[in-house]
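Reproduced below: protein-v8.tsv, with TSV, C-alpha atoms and all ligand atoms.
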```
chain	number	residue	atom	x	y	z
A	718	MET	CA	42.17	-18.57	-28.76
A	719	GLU	CA	42.44	-15.31	-26.91
A	720	ASP	CA	39.52	-13.76	-28.83
A	721	THR	CA	37.15	-16.53	-27.77
A	722	HIS	CA	38.11	-16.08	-24.15
A	723	GLU	CA	37.44	-12.35	-24.35
A	724	GLN	CA	34.01	-12.97	-25.87
A	725	ASP	CA	33.12	-15.31	-23.03
A	726	ALA	CA	34.15	-12.71	-20.48
A	727	ALA	CA	32.03	-9.93	-22.02
A	728	ALA	CA	28.28	-9.51	-22.06
A	729	ALA	CA	25.92	-6.81	-23.28
A	730	CYS	CA	24.08	-5.08	-20.44
A	731	PRO	CA	20.42	-6.23	-20.41
A	732	ALA	CA	19.36	-2.67	-19.49
A	733	CYS	CA	21.44	-0.34	-21.70
A	734	GLY	CA	23.32	-2.67	-24.05
A	735	GLY	CA	26.68	-1.38	-22.77
A	736	ALA	CA	29.78	-3.52	-22.37
A	737	SER	CA	29.84	-5.47	-19.13
A	738	ALA	CA	32.45	-7.56	-17.35
A	739	PRO	CA	32.52	-10.20	-14.61
A	740	ASP	CA	32.23	-8.62	-11.18
A	741	GLY	CA	31.91	-11.59	-8.83
A	742	GLU	CA	30.11	-14.80	-8.05
A	743	LYS	CA	27.30	-15.78	-5.69
A	744	ASP	CA	26.00	-19.30	-5.04
A	745	GLY	CA	27.42	-20.57	-8.34
A	746	TYR	CA	26.04	-17.69	-10.45
A	747	ALA	CA	28.39	-15.28	-12.22
A	748	VAL	CA	27.46	-11.63	-11.63
A	749	PHE	CA	28.45	-9.03	-14.25
A	750	ARG	CA	28.60	-5.27	-13.94
A	751	CYS	CA	27.80	-2.86	-16.79
A	752	GLY	CA	30.61	-0.41	-17.43
A	753	ALA	CA	28.15	2.14	-18.84
A	754	CYS	CA	25.22	2.14	-16.38
A	755	ASP	CA	26.53	0.10	-13.40
A	756	LEU	CA	23.73	-2.51	-13.56
A	757	LEU	CA	24.65	-5.73	-11.76
A	758	PHE	CA	23.15	-8.84	-13.31
A	759	VAL	CA	23.44	-12.61	-13.41
A	760	HIS	CA	25.11	-13.77	-16.63
A	761	PRO	CA	23.97	-15.81	-18.33
A	762	PHE	CA	20.38	-15.47	-17.14
A	763	PRO	CA	18.73	-18.79	-16.30
A	764	THR	CA	16.52	-20.04	-19.11
A	765	ALA	CA	12.73	-19.73	-18.84
A	766	GLU	CA	12.65	-23.49	-18.15
A	767	GLU	CA	15.21	-23.21	-15.35
A	768	LEU	CA	13.28	-20.35	-13.76
A	769	ALA	CA	9.98	-22.22	-14.02
A	770	ARG	CA	11.60	-25.23	-12.34
A	771	TYR	CA	13.14	-23.04	-9.62
A	772	TYR	CA	9.81	-21.41	-8.78
A	773	SER	CA	7.86	-24.68	-8.82
A	774	ASP	CA	10.47	-26.32	-6.53
A	775	ASN	CA	10.85	-23.40	-4.13
A	776	TYR	CA	7.54	-21.67	-4.30
A	777	ARG	CA	6.10	-21.00	-0.86
A	778	GLY	CA	3.09	-19.16	-2.19
A	779	ALA	CA	-0.50	-19.68	-3.12
A	780	THR	CA	-2.56	-22.62	-4.12
A	781	ALA	CA	-5.95	-22.07	-5.71
A	782	THR	CA	-7.56	-22.08	-2.26
A	783	PHE	CA	-4.78	-21.03	0.14
A	784	TYR	CA	-2.55	-17.99	0.43
A	785	PRO	CA	-0.02	-17.84	3.29
A	786	LYS	CA	-0.52	-15.17	5.96
A	787	LEU	CA	-3.46	-13.69	4.08
A	788	ASN	CA	-4.87	-11.54	6.86
A	789	SER	CA	-1.59	-9.90	7.84
A	790	ARG	CA	-0.77	-9.40	4.16
A	791	ARG	CA	-4.14	-7.72	3.63
A	792	ARG	CA	-3.56	-5.37	6.55
A	793	ARG	CA	-0.05	-4.43	5.41
A	794	ALA	CA	-1.24	-3.96	1.83
A	795	PHE	CA	-4.00	-1.62	2.92
A	796	VAL	CA	-1.62	0.53	5.00
A	797	LYS	CA	0.84	0.61	2.09
A	798	SER	CA	-1.88	1.52	-0.39
A	799	LEU	CA	-2.82	4.67	1.55
A	800	ARG	CA	0.36	6.33	0.30
A	801	PHE	CA	-1.09	6.01	-3.21
A	802	LEU	CA	-4.60	7.17	-2.33
A	803	ARG	CA	-4.70	10.04	-4.79
A	804	TYR	CA	-3.43	7.85	-7.64
A	805	ALA	CA	-6.09	5.23	-6.94
A	806	VAL	CA	-9.39	6.98	-6.21
A	807	GLY	CA	-11.54	6.77	-9.32
A	808	ARG	CA	-8.57	5.59	-11.41
A	809	ARG	CA	-7.77	2.39	-13.27
A	810	VAL	CA	-4.88	0.75	-11.45
A	811	LEU	CA	-2.70	-2.30	-12.25
A	812	ASP	CA	-0.53	-4.29	-9.84
A	813	ILE	CA	2.15	-6.01	-11.97
A	814	GLY	CA	3.13	-9.34	-10.42
A	815	CYS	CA	0.09	-9.20	-8.16
A	816	GLY	CA	0.37	-12.70	-6.64
A	817	GLY	CA	-2.72	-13.51	-4.58
A	818	GLY	CA	-4.18	-10.05	-5.14
A	819	VAL	CA	-4.02	-8.40	-1.71
A	820	MET	CA	-2.61	-5.13	-3.08
A	821	VAL	CA	-5.17	-5.12	-5.90
A	822	ASP	CA	-7.92	-5.48	-3.32
A	823	ALA	CA	-6.39	-2.65	-1.26
A	824	PHE	CA	-6.53	-0.37	-4.30
A	825	ARG	CA	-10.14	-1.42	-4.90
A	826	ARG	CA	-11.01	-0.51	-1.32
A	827	LEU	CA	-9.57	2.96	-1.98
A	828	GLY	CA	-11.97	3.35	-4.90
A	829	ALA	CA	-9.92	2.19	-7.87
A	830	ASP	CA	-10.95	0.10	-10.86
A	831	ALA	CA	-8.35	-2.38	-9.66
A	832	HIS	CA	-6.57	-4.91	-11.87
A	833	GLY	CA	-3.73	-7.34	-11.27
A	834	VAL	CA	-1.55	-9.37	-13.62
A	835	ASP	CA	0.58	-12.41	-12.77
A	836	ILE	CA	1.87	-15.47	-14.63
A	837	SER	CA	1.11	-17.80	-11.71
A	838	VAL	CA	-2.07	-19.77	-12.38
A	839	ASN	CA	-2.38	-20.68	-8.69
A	840	SER	CA	-2.07	-17.09	-7.53
A	841	ILE	CA	-4.57	-15.75	-10.06
A	842	THR	CA	-7.05	-18.55	-9.34
A	843	PHE	CA	-6.83	-17.73	-5.66
A	844	ALA	CA	-7.12	-13.99	-6.30
A	845	ARG	CA	-10.20	-14.38	-8.51
A	846	ASN	CA	-11.94	-16.53	-5.91
A	847	ARG	CA	-11.04	-14.34	-2.96
A	848	PHE	CA	-11.41	-10.89	-4.52
A	849	PRO	CA	-14.23	-11.16	-7.07
A	850	ARG	CA	-14.70	-7.38	-7.30
A	851	CYS	CA	-11.21	-6.96	-8.75
A	852	THR	CA	-10.06	-7.90	-12.27
A	853	PHE	CA	-7.19	-10.36	-12.66
A	854	HIS	CA	-5.21	-11.24	-15.76
A	855	CYS	CA	-3.20	-14.49	-15.91
A	856	MET	CA	-0.76	-13.40	-18.62
A	857	ASP	CA	2.91	-12.86	-19.35
A	858	PHE	CA	4.24	-9.41	-20.24
A	859	ASP	CA	3.76	-9.86	-23.99
A	860	GLU	CA	0.17	-11.06	-23.67
A	861	MET	CA	-0.73	-8.28	-21.25
A	862	ALA	CA	0.89	-5.68	-23.52
A	863	ARG	CA	-1.57	-6.74	-26.24
A	864	SER	CA	-4.63	-6.52	-23.97
A	865	GLY	CA	-5.59	-3.08	-25.29
A	866	LEU	CA	-6.07	-1.77	-21.75
A	867	THR	CA	-4.60	1.49	-20.45
A	868	PHE	CA	-4.00	2.40	-16.82
A	869	ASP	CA	-3.71	5.63	-14.84
A	870	PHE	CA	-1.41	4.06	-12.25
A	871	MET	CA	0.76	0.95	-12.30
A	872	PHE	CA	2.36	-0.54	-9.21
A	873	THR	CA	5.30	-2.94	-9.11
A	874	SER	CA	6.88	-4.15	-5.89
A	875	GLU	CA	9.51	-6.91	-5.64
A	876	LEU	CA	9.25	-7.61	-9.35
A	877	MET	CA	12.09	-5.89	-11.22
A	878	GLU	CA	14.83	-7.81	-9.40
A	879	HIS	CA	13.25	-11.17	-10.31
A	880	ILE	CA	13.00	-10.83	-14.10
A	881	PRO	CA	15.73	-11.46	-16.70
A	882	GLY	CA	16.29	-7.95	-18.06
A	883	PRO	CA	13.85	-5.04	-17.83
A	884	HIS	CA	12.71	-4.70	-21.44
A	885	GLY	CA	9.84	-7.20	-21.59
A	886	CYS	CA	8.24	-5.59	-18.58
A	887	MET	CA	9.01	-2.07	-19.80
A	888	ALA	CA	7.48	-2.69	-23.23
A	889	MET	CA	4.31	-3.83	-21.45
A	890	ILE	CA	4.30	-0.78	-19.17
A	891	GLN	CA	4.67	1.48	-22.19
A	892	ALA	CA	1.88	-0.31	-24.09
A	893	LEU	CA	-0.50	0.00	-21.12
A	894	SER	CA	0.26	3.66	-20.41
A	895	LYS	CA	-0.83	7.04	-21.75
A	896	PRO	CA	0.53	10.55	-21.17
A	897	GLY	CA	0.44	11.24	-17.45
A	898	THR	CA	0.32	7.58	-16.36
A	899	LEU	CA	2.21	7.06	-13.09
A	900	VAL	CA	4.31	3.96	-12.40
A	901	TYR	CA	5.57	3.09	-8.93
A	902	VAL	CA	8.57	0.76	-8.60
A	903	ALA	CA	9.98	-0.82	-5.45
A	904	THR	CA	13.14	-2.93	-5.90
A	905	PRO	CA	16.46	-3.34	-4.06
A	906	ASP	CA	18.87	-0.39	-4.38
A	907	ALA	CA	22.40	-1.50	-5.22
A	908	GLY	CA	23.57	2.12	-4.95
A	909	HIS	CA	22.27	2.70	-1.41
A	910	PRO	CA	24.80	3.63	1.31
A	911	ALA	CA	23.42	0.86	3.55
A	912	VAL	CA	24.49	-1.87	1.10
A	913	PRO	CA	27.40	-3.84	2.67
A	914	ALA	CA	30.87	-2.86	1.43
A	915	ASP	CA	31.12	-6.43	0.13
A	916	ILE	CA	27.97	-6.35	-1.97
A	917	TYR	CA	28.05	-10.16	-2.21
A	918	ALA	CA	27.27	-10.26	1.53
A	919	TRP	CA	24.05	-8.29	0.89
A	920	ASP	CA	20.94	-10.37	1.62
A	921	GLN	CA	19.33	-9.10	-1.60
A	922	MET	CA	22.15	-10.65	-3.63
A	923	CYS	CA	20.40	-14.01	-3.90
A	924	PRO	CA	20.42	-15.51	-7.40
A	925	PRO	CA	18.49	-17.08	-9.01
A	926	GLU	CA	15.62	-15.55	-7.01
A	927	HIS	CA	17.07	-12.13	-7.82
A	928	LEU	CA	18.69	-11.71	-11.22
A	929	GLN	CA	19.44	-7.98	-11.54
A	930	TRP	CA	20.19	-5.14	-9.14
A	931	PHE	CA	19.41	-1.56	-10.11
A	932	THR	CA	20.46	1.85	-8.87
A	933	ARG	CA	18.27	4.93	-8.97
A	934	ASP	CA	20.21	6.29	-11.93
A	935	ASN	CA	20.19	3.23	-14.16
A	936	LEU	CA	16.52	2.48	-13.47
A	937	ALA	CA	15.62	6.09	-14.26
A	938	ARG	CA	17.60	5.70	-17.50
A	939	VAL	CA	15.61	2.58	-18.44
A	940	PHE	CA	12.31	4.40	-17.80
A	941	ASP	CA	13.51	7.46	-19.73
A	942	GLY	CA	14.02	5.22	-22.76
A	943	TYR	CA	10.31	4.31	-22.62
A	944	GLY	CA	9.10	7.90	-22.23
A	945	PHE	CA	8.92	8.20	-18.45
A	946	ASP	CA	10.43	10.86	-16.17
A	947	LEU	CA	11.32	10.29	-12.54
A	948	ALA	CA	8.59	12.20	-10.68
A	949	ARG	CA	9.45	11.34	-7.10
A	950	ALA	CA	11.96	9.30	-5.08
A	951	PHE	CA	10.72	8.23	-1.66
A	952	PRO	CA	13.70	8.13	0.75
A	953	LYS	CA	14.42	4.73	2.31
A	954	LYS	CA	16.68	3.90	5.27
A	955	SER	CA	17.10	0.33	4.01
A	956	PRO	CA	18.71	-0.36	0.59
A	957	ALA	CA	15.53	-0.18	-1.45
A	958	LEU	CA	14.42	1.98	-4.36
A	959	SER	CA	10.97	3.50	-4.00
A	960	LEU	CA	10.40	5.52	-7.15
A	961	LEU	CA	7.49	7.11	-8.97
A	962	PHE	CA	7.70	7.69	-12.73
A	963	ARG	CA	5.38	9.71	-14.96
A	964	ARG	CA	4.80	9.17	-18.66
A	965	ARG	CA	5.63	12.24	-20.70
A	966	GLY	CA	2.87	13.90	-22.71
P	1001	ZN	ZN	24.07	-0.90	-18.67
```
As structure tokens - that is how I would like this structure written.
Ligand SMILES: [Zn+2]
Amino acid sequence: MEDTHEQDAAAACPACGGASAPDGEKDGYAVFRCGACDLLFVHPFPTAEELARYYSDNYRGATATFYPKLNSRRRRAFVKSLRFLRYAVGRRVLDIGCGGGVMVDAFRRLGADAHGVDISVNSITFARNRFPRCTFHCMDFDEMARSGLTFDFMFTSELMEHIPGPHGCMAMIQALSKPGTLVYVATPDAGHPAVPADIYAWDQMCPPEHLQWFTRDNLARVFDGYGFDLARAFPKKSPALSLLFRRRG
């Protein structure tokens, strides 16, 4: 039936709920584009089980006692953290998707009450052993949202492109924020002029590791829906978003 076919070819945008249509295909994954906000996303998203299997099969990261390239990661994290000095000194800070905790430790060294959250048991076990002066939470978004904590500054780098839809993470960010809370987001920028004309040739277009690709406008729209204004956009030569949001009063 024609109707059934049309239903299969349509999907609600996981960011804005708008009508979306097939845009292309990469490595066996169908990629849809939202007609309302231009979000690109894998459809259907892999199930939680499929993602867990993917990450356990392909994970190159931490064990409880080992984290790859720890020293160079620590140095890079500290340099990166300096940009956020004034948001960290004397503040309570959260790195969302903190992995082995190097960025959390960098914020602590700047004088923050530094927390990290990650769902990886190995990463959090490593982080707790290696960085005992920081606080680590091994929780998913829903559990962390119910923690009762609030933060002055939240940091998320290389997270938003990995998760199936933004709303679980955004609900957590909202629950952990208060008026004036700042949230930094780094994620690939599908609207950047340096993205290849054939976006499927872009190295960031790598499902199922990446599942959704934002632009500055549609990410700002998502944050606006949770009470955050875009406070600052750091310019990037490479196709990456580097955005700071502030919770409205
Ligand atoms: Zn949309």
Problem - Which residue of A:Ala736, A:Ile841, A:Ala769, A:Val939 approaches Phe749 of chain A most closely, using all atoms listed in the file - result: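 Answer, going by the shortest atom-to-atom distance: A:Ala736.
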With 6 Å on each side, where is the centre of the axis-aligned box around all listed atoms of segment 907-921 of chain A, and how long are its edges in Å to one decimal, as AutoDock Vina command-line options?
```
--center_x 25.2 --center_y -3.4 --center_z -0.8 --size_x 23.8 --size_y 26.0 --size_z 20.8
```
Which residues of chain A sit at most 8 Å from ligand ZN 1001 (chain P), using all atoms listed in the file? Give each one's shortest atom pair and distance in Å (one decimal place), in chain and ascending residue order, as a tab-separated table.
```
residue	atom	partner	partner_atom	distance
A:Ala729	CA	P:ZN1001	ZN	7.7
A:Cys730	CA	P:ZN1001	ZN	4.5
A:Pro731	CA	P:ZN1001	ZN	6.7
A:Ala732	CA	P:ZN1001	ZN	5.1
A:Cys733	CA	P:ZN1001	ZN	4.1
A:Gly734	CA	P:ZN1001	ZN	5.7
A:Gly735	CA	P:ZN1001	ZN	4.9
A:Ala736	CA	P:ZN1001	ZN	7.3
A:Ser737	CA	P:ZN1001	ZN	7.4
A:Arg750	CA	P:ZN1001	ZN	7.9
A:Cys751	CA	P:ZN1001	ZN	4.6
A:Gly752	CA	P:ZN1001	ZN	6.7
A:Ala753	CA	P:ZN1001	ZN	5.1
A:Cys754	CA	P:ZN1001	ZN	4.0
A:Asp755	CA	P:ZN1001	ZN	5.9
A:Leu756	CA	P:ZN1001	ZN	5.4
A:Asn935	CA	P:ZN1001	ZN	7.2
```
Problem - Selection: 12 Å around Ser798 of chain A, all atoms listed in the file, excl. self and same-chain fewer than 2 positions, as JSON, numbers by chain - result: {"A": [790, 791, 792, 793, 794, 795, 796, 800, 801, 802, 803, 804, 805, 806, 810, 812, 819, 820, 821, 822, 823, 824, 825, 826, 827, 828, 829, 831, 872, 874, 901]}
Exercise for the section: List the neighbours of segment 851-861 of chain A out to 6 Å using all atoms listed in the file; skip same-chain residues closer than 2 positions along the sequence, and give me the result as number ranges by chain. Expected result: A: 831-836, 848-849, 863-864, 886, 889
Can you write just those residues out, C-alpha atoms, as a PDB file, keeping the file's coordinate frame?
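What landed in part-v1.pdb:
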```pdb
ATOM      1  CA  ALA A 831      -8.350  -2.380  -9.660  1.00  0.00           C
ATOM      2  CA  HIS A 832      -6.570  -4.910 -11.870  1.00  0.00           C
ATOM      3  CA  GLY A 833      -3.730  -7.340 -11.270  1.00  0.00           C
ATOM      4  CA  VAL A 834      -1.550  -9.370 -13.620  1.00  0.00           C
ATOM      5  CA  ASP A 835       0.580 -12.410 -12.770  1.00  0.00           C
ATOM      6  CA  ILE A 836       1.870 -15.470 -14.630  1.00  0.00           C
ATOM      7  CA  PHE A 848     -11.410 -10.890  -4.520  1.00  0.00           C
ATOM      8  CA  PRO A 849     -14.230 -11.160  -7.070  1.00  0.00           C
ATOM      9  CA  ARG A 863      -1.570  -6.740 -26.240  1.00  0.00           C
ATOM     10  CA  SER A 864      -4.630  -6.520 -23.970  1.00  0.00           C
ATOM     11  CA  CYS A 886       8.240  -5.590 -18.580  1.00  0.00           C
ATOM     12  CA  MET A 889       4.310  -3.830 -21.450  1.00  0.00           C
TER      13      MET A 889
END
```
Handout entry: For Cys923 of chain A, the nearest of the candidates A:Glu878, A:Asp774, A:Asp869, A:Glu766, counting all atoms listed in the file
Key = A:Glu878
Problem - Residues near Ser955 of chain A, cut-off 9 Å, all atoms listed in the file, skip fewer than 2 positions along chain, as a ChimeraX atom specification - result: /A:905-906,909-912,953,957-958
Problem - Surrounding residues of Asp744 of chain A excluding itself and chain neighbours under 5 positions, 12 Å, all atoms listed in the file, as a PyMOL selection string - result: chain A and resi 759+917-918+922-927
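Of the listed residues (A:Phe962, A:Trp919, A:Phe758, A:Phe868), A:Phe962 comes nearest to Gly944 of chain A; the distances count only C-alpha atoms.
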Practice task
Around the point (-0.4, -20.9, -0.6), in the coordinates given by the file, pick out the residues reaching within 12 Å, counting all atoms listed in the file, and return them as a list in words.
Solution key: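 Residues with an atom at most 12 Å from (-0.4, -20.9, -0.6): Tyr776, Arg777, Gly778, Ala779, Thr780, Ala781, Thr782, Phe783, Tyr784, Pro785, Lys786, Leu787, Gly816, Gly817, Ser837, Val838, Asn839, Ser840, Ile841, Thr842, Phe843 and Ala844 of chain A.
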Can you write just those residues out, C-alpha atoms, as a PDB file, in the coordinates of the input?
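Okay, again_11.pdb is ready:
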```pdb
ATOM      1  CA  TYR A 776       7.540 -21.670  -4.300  1.00  0.00           C
ATOM      2  CA  ARG A 777       6.100 -21.000  -0.860  1.00  0.00           C
ATOM      3  CA  GLY A 778       3.090 -19.160  -2.190  1.00  0.00           C
ATOM      4  CA  ALA A 779      -0.500 -19.680  -3.120  1.00  0.00           C
ATOM      5  CA  THR A 780      -2.560 -22.620  -4.120  1.00  0.00           C
ATOM      6  CA  ALA A 781      -5.950 -22.070  -5.710  1.00  0.00           C
ATOM      7  CA  THR A 782      -7.560 -22.080  -2.260  1.00  0.00           C
ATOM      8  CA  PHE A 783      -4.780 -21.030   0.140  1.00  0.00           C
ATOM      9  CA  TYR A 784      -2.550 -17.990   0.430  1.00  0.00           C
ATOM     10  CA  PRO A 785      -0.020 -17.840   3.290  1.00  0.00           C
ATOM     11  CA  LYS A 786      -0.520 -15.170   5.960  1.00  0.00           C
ATOM     12  CA  LEU A 787      -3.460 -13.690   4.080  1.00  0.00           C
ATOM     13  CA  GLY A 816       0.370 -12.700  -6.640  1.00  0.00           C
ATOM     14  CA  GLY A 817      -2.720 -13.510  -4.580  1.00  0.00           C
ATOM     15  CA  SER A 837       1.110 -17.800 -11.710  1.00  0.00           C
ATOM     16  CA  VAL A 838      -2.070 -19.770 -12.380  1.00  0.00           C
ATOM     17  CA  ASN A 839      -2.380 -20.680  -8.690  1.00  0.00           C
ATOM     18  CA  SER A 840      -2.070 -17.090  -7.530  1.00  0.00           C
ATOM     19  CA  ILE A 841      -4.570 -15.750 -10.060  1.00  0.00           C
ATOM     20  CA  THR A 842      -7.050 -18.550  -9.340  1.00  0.00           C
ATOM     21  CA  PHE A 843      -6.830 -17.730  -5.660  1.00  0.00           C
ATOM     22  CA  ALA A 844      -7.120 -13.990  -6.300  1.00  0.00           C
TER      23      ALA A 844
END
```
Completion exercise
Computed gap from atom CA of Thr873 of chain A to atom CA of Ile890 of chain A is 10.3 Å
Handout entry: Top pick for closest residue to Trp930 of chain A, considering A:Leu768, A:Leu899, A:Ile880, A:Leu799 and counting all atoms listed in the file
Key =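 Of the candidates, the smallest distance to Trp930 of chain A is held by A:Ile880.
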Handout entry: d(atom CA of Pro956 of chain A, atom CA of Pro913 of chain A) in Å
Key = 9.6 Å
Handout entry: Length of the atom CA of Gln929 of chain A to atom CA of Leu757 of chain A vector [Å]
Key = 5.7 Å
Practice task
Could you give me, as a PyMOL selection string, the residues that sit within 7 Å of (5.9, -7.1, -8.3) in the file's coordinates, counting only C-alpha atoms?
Solution key: chain A and resi 813-815+873-877
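For the set A:Ala950, A:Arg964, A:Ala937, A:Phe931, the residue with the smallest atom-to-atom gap to Gln891 of chain A is A:Arg964, counting all atoms listed in the file.
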Would you save segment 805-852 of chain A to a file, keeping C-alpha atoms, as a tab-separated table (two decimals), in the first residue's frame?
```
chain	number	residue	atom	x	y	z
A	805	ALA	CA	35.74	26.89	37.03
A	806	VAL	CA	37.46	28.76	39.86
A	807	GLY	CA	35.46	28.22	43.02
A	808	ARG	CA	32.54	26.76	41.04
A	809	ARG	CA	30.90	23.36	40.91
A	810	VAL	CA	31.65	21.89	37.49
A	811	LEU	CA	30.43	18.75	35.68
A	812	ASP	CA	32.03	17.02	32.69
A	813	ILE	CA	29.26	15.03	30.98
A	814	GLY	CA	30.68	11.89	29.37
A	815	CYS	CA	33.90	12.33	31.33
A	816	GLY	CA	35.59	9.03	30.38
A	817	GLY	CA	38.75	8.52	32.43
A	818	GLY	CA	38.39	11.91	34.10
A	819	VAL	CA	41.29	13.94	32.70
A	820	MET	CA	39.13	17.01	32.01
A	821	VAL	CA	37.51	16.72	35.45
A	822	ASP	CA	40.97	16.71	37.00
A	823	ALA	CA	41.95	19.74	34.90
A	824	PHE	CA	38.95	21.65	36.25
A	825	ARG	CA	39.91	20.59	39.79
A	826	ARG	CA	43.42	21.92	39.26
A	827	LEU	CA	41.87	25.27	38.29
A	828	GLY	CA	40.06	25.35	41.63
A	829	ALA	CA	36.68	23.82	40.82
A	830	ASP	CA	34.58	21.41	42.85
A	831	ALA	CA	34.97	19.05	39.92
A	832	HIS	CA	32.55	16.26	39.03
A	833	GLY	CA	32.30	13.87	36.10
A	834	VAL	CA	29.54	11.55	34.92
A	835	ASP	CA	29.85	8.60	32.53
A	836	ILE	CA	28.00	5.32	31.95
A	837	SER	CA	31.23	3.36	31.47
A	838	VAL	CA	32.06	1.38	34.60
A	839	ASN	CA	35.66	0.90	33.46
A	840	SER	CA	36.20	4.60	32.84
A	841	ILE	CA	34.69	5.67	36.15
A	842	THR	CA	36.61	3.01	38.09
A	843	PHE	CA	39.81	4.26	36.50
A	844	ALA	CA	38.91	7.90	37.14
A	845	ARG	CA	38.09	7.29	40.81
A	846	ASN	CA	41.39	5.49	41.36
A	847	ARG	CA	43.51	8.00	39.47
A	848	PHE	CA	41.82	11.25	40.51
A	849	PRO	CA	40.59	10.72	44.09
A	850	ARG	CA	40.13	14.46	44.73
A	851	CYS	CA	37.41	14.65	42.07
A	852	THR	CA	33.85	13.29	42.32
```
